$ cat query31.cif   # mmCIF, C-alpha atoms and all ligand atoms
data_my_file
#
loop_
_atom_site.label_atom_id
_atom_site.label_comp_id
_atom_site.auth_asym_id
_atom_site.auth_seq_id
_atom_site.Cartn_x
_atom_site.Cartn_y
_atom_site.Cartn_z
CA MET A 529 0.00 0.00 0.00
CA ILE A 530 1.38 3.42 -0.94
CA GLN A 531 1.76 5.54 2.19
CA ARG A 532 3.23 8.89 3.21
CA THR A 533 5.25 9.55 6.36
CA LEU A 534 6.97 12.52 7.99
CA SER A 535 10.74 12.55 8.27
CA ILE A 536 12.77 15.11 10.21
CA ILE A 537 16.54 15.35 9.93
CA LYS A 538 17.23 16.71 13.41
CA PRO A 539 19.57 19.57 14.44
CA ASP A 540 22.44 17.21 15.37
CA ALA A 541 22.54 15.64 11.89
CA VAL A 542 22.14 18.99 10.10
CA LYS A 543 25.11 20.33 12.18
CA LYS A 544 27.18 17.26 11.29
CA ASN A 545 26.49 18.09 7.61
CA VAL A 546 25.08 14.63 6.86
CA SER A 547 21.61 15.62 5.57
CA GLY A 548 22.60 14.58 2.05
CA LYS A 549 23.96 11.23 3.21
CA ILE A 550 20.67 10.55 5.01
CA ILE A 551 18.64 11.57 1.95
CA SER A 552 20.82 9.27 -0.19
CA ILE A 553 19.96 6.30 2.03
CA LEU A 554 16.26 7.05 1.51
CA GLU A 555 16.60 7.41 -2.27
CA GLU A 556 18.80 4.32 -2.61
CA ASN A 557 16.00 2.39 -0.91
CA GLY A 558 13.40 3.51 -3.42
CA ILE A 559 11.71 6.08 -1.17
CA LYS A 560 10.42 9.24 -2.90
CA ILE A 561 10.59 12.72 -1.34
CA VAL A 562 7.34 14.54 -2.20
CA ALA A 563 7.90 17.60 0.06
CA ILE A 564 11.01 19.09 1.67
CA LYS A 565 12.06 22.24 3.54
CA MET A 566 14.60 23.48 6.08
CA LEU A 567 13.34 25.46 9.06
CA THR A 568 14.23 26.34 12.65
CA LEU A 569 11.49 25.26 15.05
CA SER A 570 10.12 27.68 17.65
CA ARG A 571 9.46 26.20 21.10
CA LYS A 572 5.73 26.44 20.43
CA VAL A 573 5.99 24.50 17.18
CA ALA A 574 8.30 21.85 18.69
CA GLU A 575 6.04 21.45 21.76
CA GLY A 576 2.97 21.06 19.53
CA PHE A 577 4.69 18.45 17.42
CA TYR A 578 5.81 16.38 20.44
CA TYR A 579 2.67 16.99 22.57
CA VAL A 580 2.27 13.21 23.18
CA HIS A 581 5.55 13.33 25.15
CA LYS A 582 4.68 16.43 27.24
CA ASP A 583 4.58 14.50 30.52
CA LYS A 584 7.87 12.67 29.96
CA GLY A 585 10.94 13.56 31.99
CA PHE A 586 12.95 14.25 28.84
CA PHE A 587 10.39 16.67 27.31
CA ASN A 588 12.12 20.01 28.10
CA SER A 589 15.48 18.69 27.06
CA LEU A 590 13.96 17.33 23.82
CA ILE A 591 12.44 20.75 23.06
CA ASP A 592 15.79 22.47 23.80
CA PHE A 593 17.48 20.10 21.38
CA MET A 594 14.87 20.33 18.61
CA THR A 595 15.01 24.15 18.68
CA SER A 596 18.84 24.30 18.84
CA GLY A 597 19.32 24.66 15.08
CA PRO A 598 17.69 24.07 11.71
CA VAL A 599 15.97 20.83 10.80
CA VAL A 600 15.09 19.36 7.40
CA VAL A 601 11.46 18.26 7.24
CA MET A 602 10.28 15.91 4.49
CA ILE A 603 7.27 13.92 3.42
CA LEU A 604 8.33 10.51 2.15
CA GLU A 605 6.19 8.37 -0.11
CA GLY A 606 6.35 4.71 -1.02
CA ASP A 607 5.01 1.22 -0.56
CA ASN A 608 4.69 0.53 3.18
CA VAL A 609 6.97 3.55 3.75
CA ILE A 610 6.08 4.09 7.43
CA GLU A 611 7.54 0.72 8.45
CA LYS A 612 10.23 0.74 5.76
CA TYR A 613 11.60 4.11 6.90
CA ARG A 614 11.47 3.07 10.57
CA LYS A 615 13.63 0.07 9.73
CA LEU A 616 16.10 2.30 7.88
CA MET A 617 16.27 4.66 10.90
CA GLY A 618 16.98 1.88 13.40
CA ALA A 619 16.13 1.86 17.12
CA THR A 620 15.48 5.17 18.96
CA ASN A 621 18.55 4.48 21.06
CA PRO A 622 21.52 4.33 18.65
CA GLU A 623 23.31 1.90 20.99
CA LYS A 624 20.54 -0.59 20.19
CA ALA A 625 20.28 0.26 16.48
CA ASP A 626 21.33 -2.32 13.88
CA ALA A 627 24.53 -1.80 11.88
CA GLY A 628 23.99 0.26 8.75
CA THR A 629 20.89 2.07 10.03
CA ILE A 630 20.74 5.87 9.92
CA ARG A 631 20.83 6.18 13.72
CA LYS A 632 23.72 3.74 14.07
CA LEU A 633 25.65 5.74 11.49
CA TYR A 634 24.79 9.30 12.53
CA ALA A 635 23.03 9.57 15.92
CA THR A 636 24.81 10.88 19.01
CA ASP A 637 22.56 9.42 21.76
CA ILE A 638 18.93 8.50 22.53
CA GLU A 639 17.87 12.17 22.41
CA LYS A 640 20.15 13.50 19.68
CA ASN A 641 19.21 10.63 17.41
CA ALA A 642 19.60 12.24 13.96
CA VAL A 643 16.13 11.54 12.54
CA HIS A 644 12.44 11.30 13.32
CA GLY A 645 9.83 9.17 11.57
CA SER A 646 6.09 8.80 12.12
CA ASP A 647 5.20 5.57 13.92
CA ALA A 648 1.74 4.79 12.46
CA VAL A 649 -0.78 5.84 9.77
CA GLU A 650 -2.64 8.18 12.16
CA THR A 651 0.52 9.93 13.40
CA ALA A 652 1.84 10.21 9.83
CA ASP A 653 -1.39 11.97 8.88
CA PHE A 654 -1.15 14.41 11.83
CA GLU A 655 2.59 15.03 11.40
CA THR A 656 2.56 15.59 7.62
CA ARG A 657 -0.31 18.09 7.96
CA TYR A 658 1.48 19.77 10.89
CA PHE A 659 4.37 20.83 8.67
CA PHE A 660 3.02 21.01 5.11
CA ASN A 661 0.12 22.59 3.26
CA ALA A 662 -1.49 20.59 0.44
CA PHE A 663 0.15 22.85 -2.20
CA GLU A 664 3.64 22.03 -0.86
CA ILE A 665 3.18 18.31 -1.54
CA ASN A 666 4.17 17.14 -5.02
CA GLU A 667 2.77 14.38 -7.21
CA ARG A 668 5.64 12.20 -8.50
P1 LIG B 701 11.60 10.67 18.08
O1 LIG B 701 11.47 9.44 17.25
O2 LIG B 701 11.63 11.97 17.35
O3 LIG B 701 10.43 10.69 19.16
C1 LIG B 701 10.55 11.30 20.43
C2 LIG B 701 11.94 11.74 20.71
O4 LIG B 701 12.25 11.93 22.08
C3 LIG B 701 12.94 10.67 20.28
O5 LIG B 701 12.97 10.55 18.90
C4 LIG B 701 14.20 11.17 20.95
O6 LIG B 701 14.77 12.28 20.27
C5 LIG B 701 13.61 11.65 22.28
N1 LIG B 701 13.71 10.61 23.32
C6 LIG B 701 13.05 9.44 23.37
N2 LIG B 701 13.36 8.75 24.49
C7 LIG B 701 14.23 9.54 25.17
C8 LIG B 701 14.91 9.39 26.40
N3 LIG B 701 14.75 8.32 27.17
N4 LIG B 701 15.73 10.39 26.79
C9 LIG B 701 15.88 11.48 26.01
N5 LIG B 701 15.25 11.68 24.83
C10 LIG B 701 14.44 10.72 24.42
#
$ encode --input "query31.cif" --output "structure tokens"
Amino acid sequence: MIQRTLSIIKPDAVKKNVSGKIISILEENGIKIVAIKMLTLSRKVAEGFYYVHKDKGFFNSLIDFMTSGPVVVMILEGDNVIEKYRKLMGATNPEKADAGTIRKLYATDIEKNAVHGSDAVETADFETRYFFNAFEINER
């Protein structure tokens, strides 16, 4: 089934100058980018995006990190892309991520973990709409 999912290249990976390497992994695996932009998140925008984590102990630190520099936000499209992209990212904690995954290659730690990906159809729908208007999404 063709799906769309939200990807964020986080401030740590943008600072390490590996955005292109991450995008290459996606393209080499047959995933299409249908929307893309770089932006610096305000606290309000970051808090709204991660509202499901607002009661977690790491929330303030996560918001500090996500607002610490520019991010690259993308909508990815492809067959079963939600699960496929999650496999390419690897585990949230890079210490537990499989060899060759994006997080194993480029993450710093469990918080500064290089990339985000939606975890289900419903969250992908919320997250893609959170960052992109319909006219920013391209048919390919
Ligand atoms: P992400 O997939 O974007 O979803 C929530 C984010 O919170 C996660 O990636 C990490 O950046 C961060 N996170 C998750 N668990 C922890 C943790 N235990 N400590 C610090 N940050 C975390």
$ closest_residue --input "query31.cif" --among "A:Val546, A:Asp540, A:Leu534, A:Ile561" --to "Ile610 of chain A" --atoms "all atoms listed in the file"
A:Leu534
$ atom_distance --input "query31.cif" --atom1 "atom CA of Asp647 of chain A" --atom2 "atom N4 of ligand LIG 701 (chain B)"
17.3 Å
$ atom_distance --input "query31.cif" --atom1 "atom CA of Leu554 of chain A" --atom2 "atom CA of Val600 of chain A"
13.7 Å
$ residues_around --input "query31.cif" --residues "segment 660-667 of chain A" --least-positions-apart "6" --cutoff "12 Å" --atoms "only C-alpha atoms" --output "list in words"
Arg532, Thr533, Leu534, Ser535, Lys560, Ile561, Val562, Ala563, Ile564, Lys565, Met566, Leu567, Val601, Met602, Ile603, Leu604, Glu605, Ala652, Asp653 and Phe654 of chain A
$ residues_near_ligand --input "query31.cif" --ligand "ligand LIG 701 (chain B)" --cutoff "9 Å" --atoms "all atoms listed in the file" --output "NGL selection string"
:A and (536 or 538 or 578 or 580-581 or 584-587 or 589-591 or 593-594 or 619-621 or 637-647)
$ closest_residue --input "query31.cif" --among "A:Glu555, A:Pro539, A:Met529, A:Ile550" --to "Thr629 of chain A" --atoms "all atoms listed in the file"
A:Ile550
$ atom_distance --input "query31.cif" --atom1 "atom CA of Gly618 of chain A" --atom2 "atom CA of Ile630 of chain A"
6.5 Å
$ closest_residue --input "query31.cif" --among "A:Pro622, A:Ser552, A:Val609, A:Gly628" --to "Val649 of chain A" --atoms "only C-alpha atoms"
A:Val609
$ closest_residue --input "query31.cif" --among "A:Met617, A:Asn588, A:Asn608, A:Leu569" --to "Ala648 of chain A" --atoms "all atoms listed in the file"
A:Asn608
$ axis_aligned_box --input "query31.cif" --around "segment 553-557 of chain A" --padding-each-side "8 Å" --output "lines of an AutoDock Vina configuration file"
center_x = 18.0
center_y = 4.9
center_z = -0.3
size_x = 20.0
size_y = 21.0
size_z = 20.6
$ closest_residue --input "query31.cif" --among "A:Asp583, A:Asp626, A:Glu611, A:Glu556" --to "Ile530 of chain A" --atoms "only C-alpha atoms"
A:Glu611
$ closest_residue --input "query31.cif" --among "A:Thr595, A:Tyr658, A:Ala541, A:Gln531" --to "Thr636 of chain A" --atoms "only C-alpha atoms"
A:Ala541
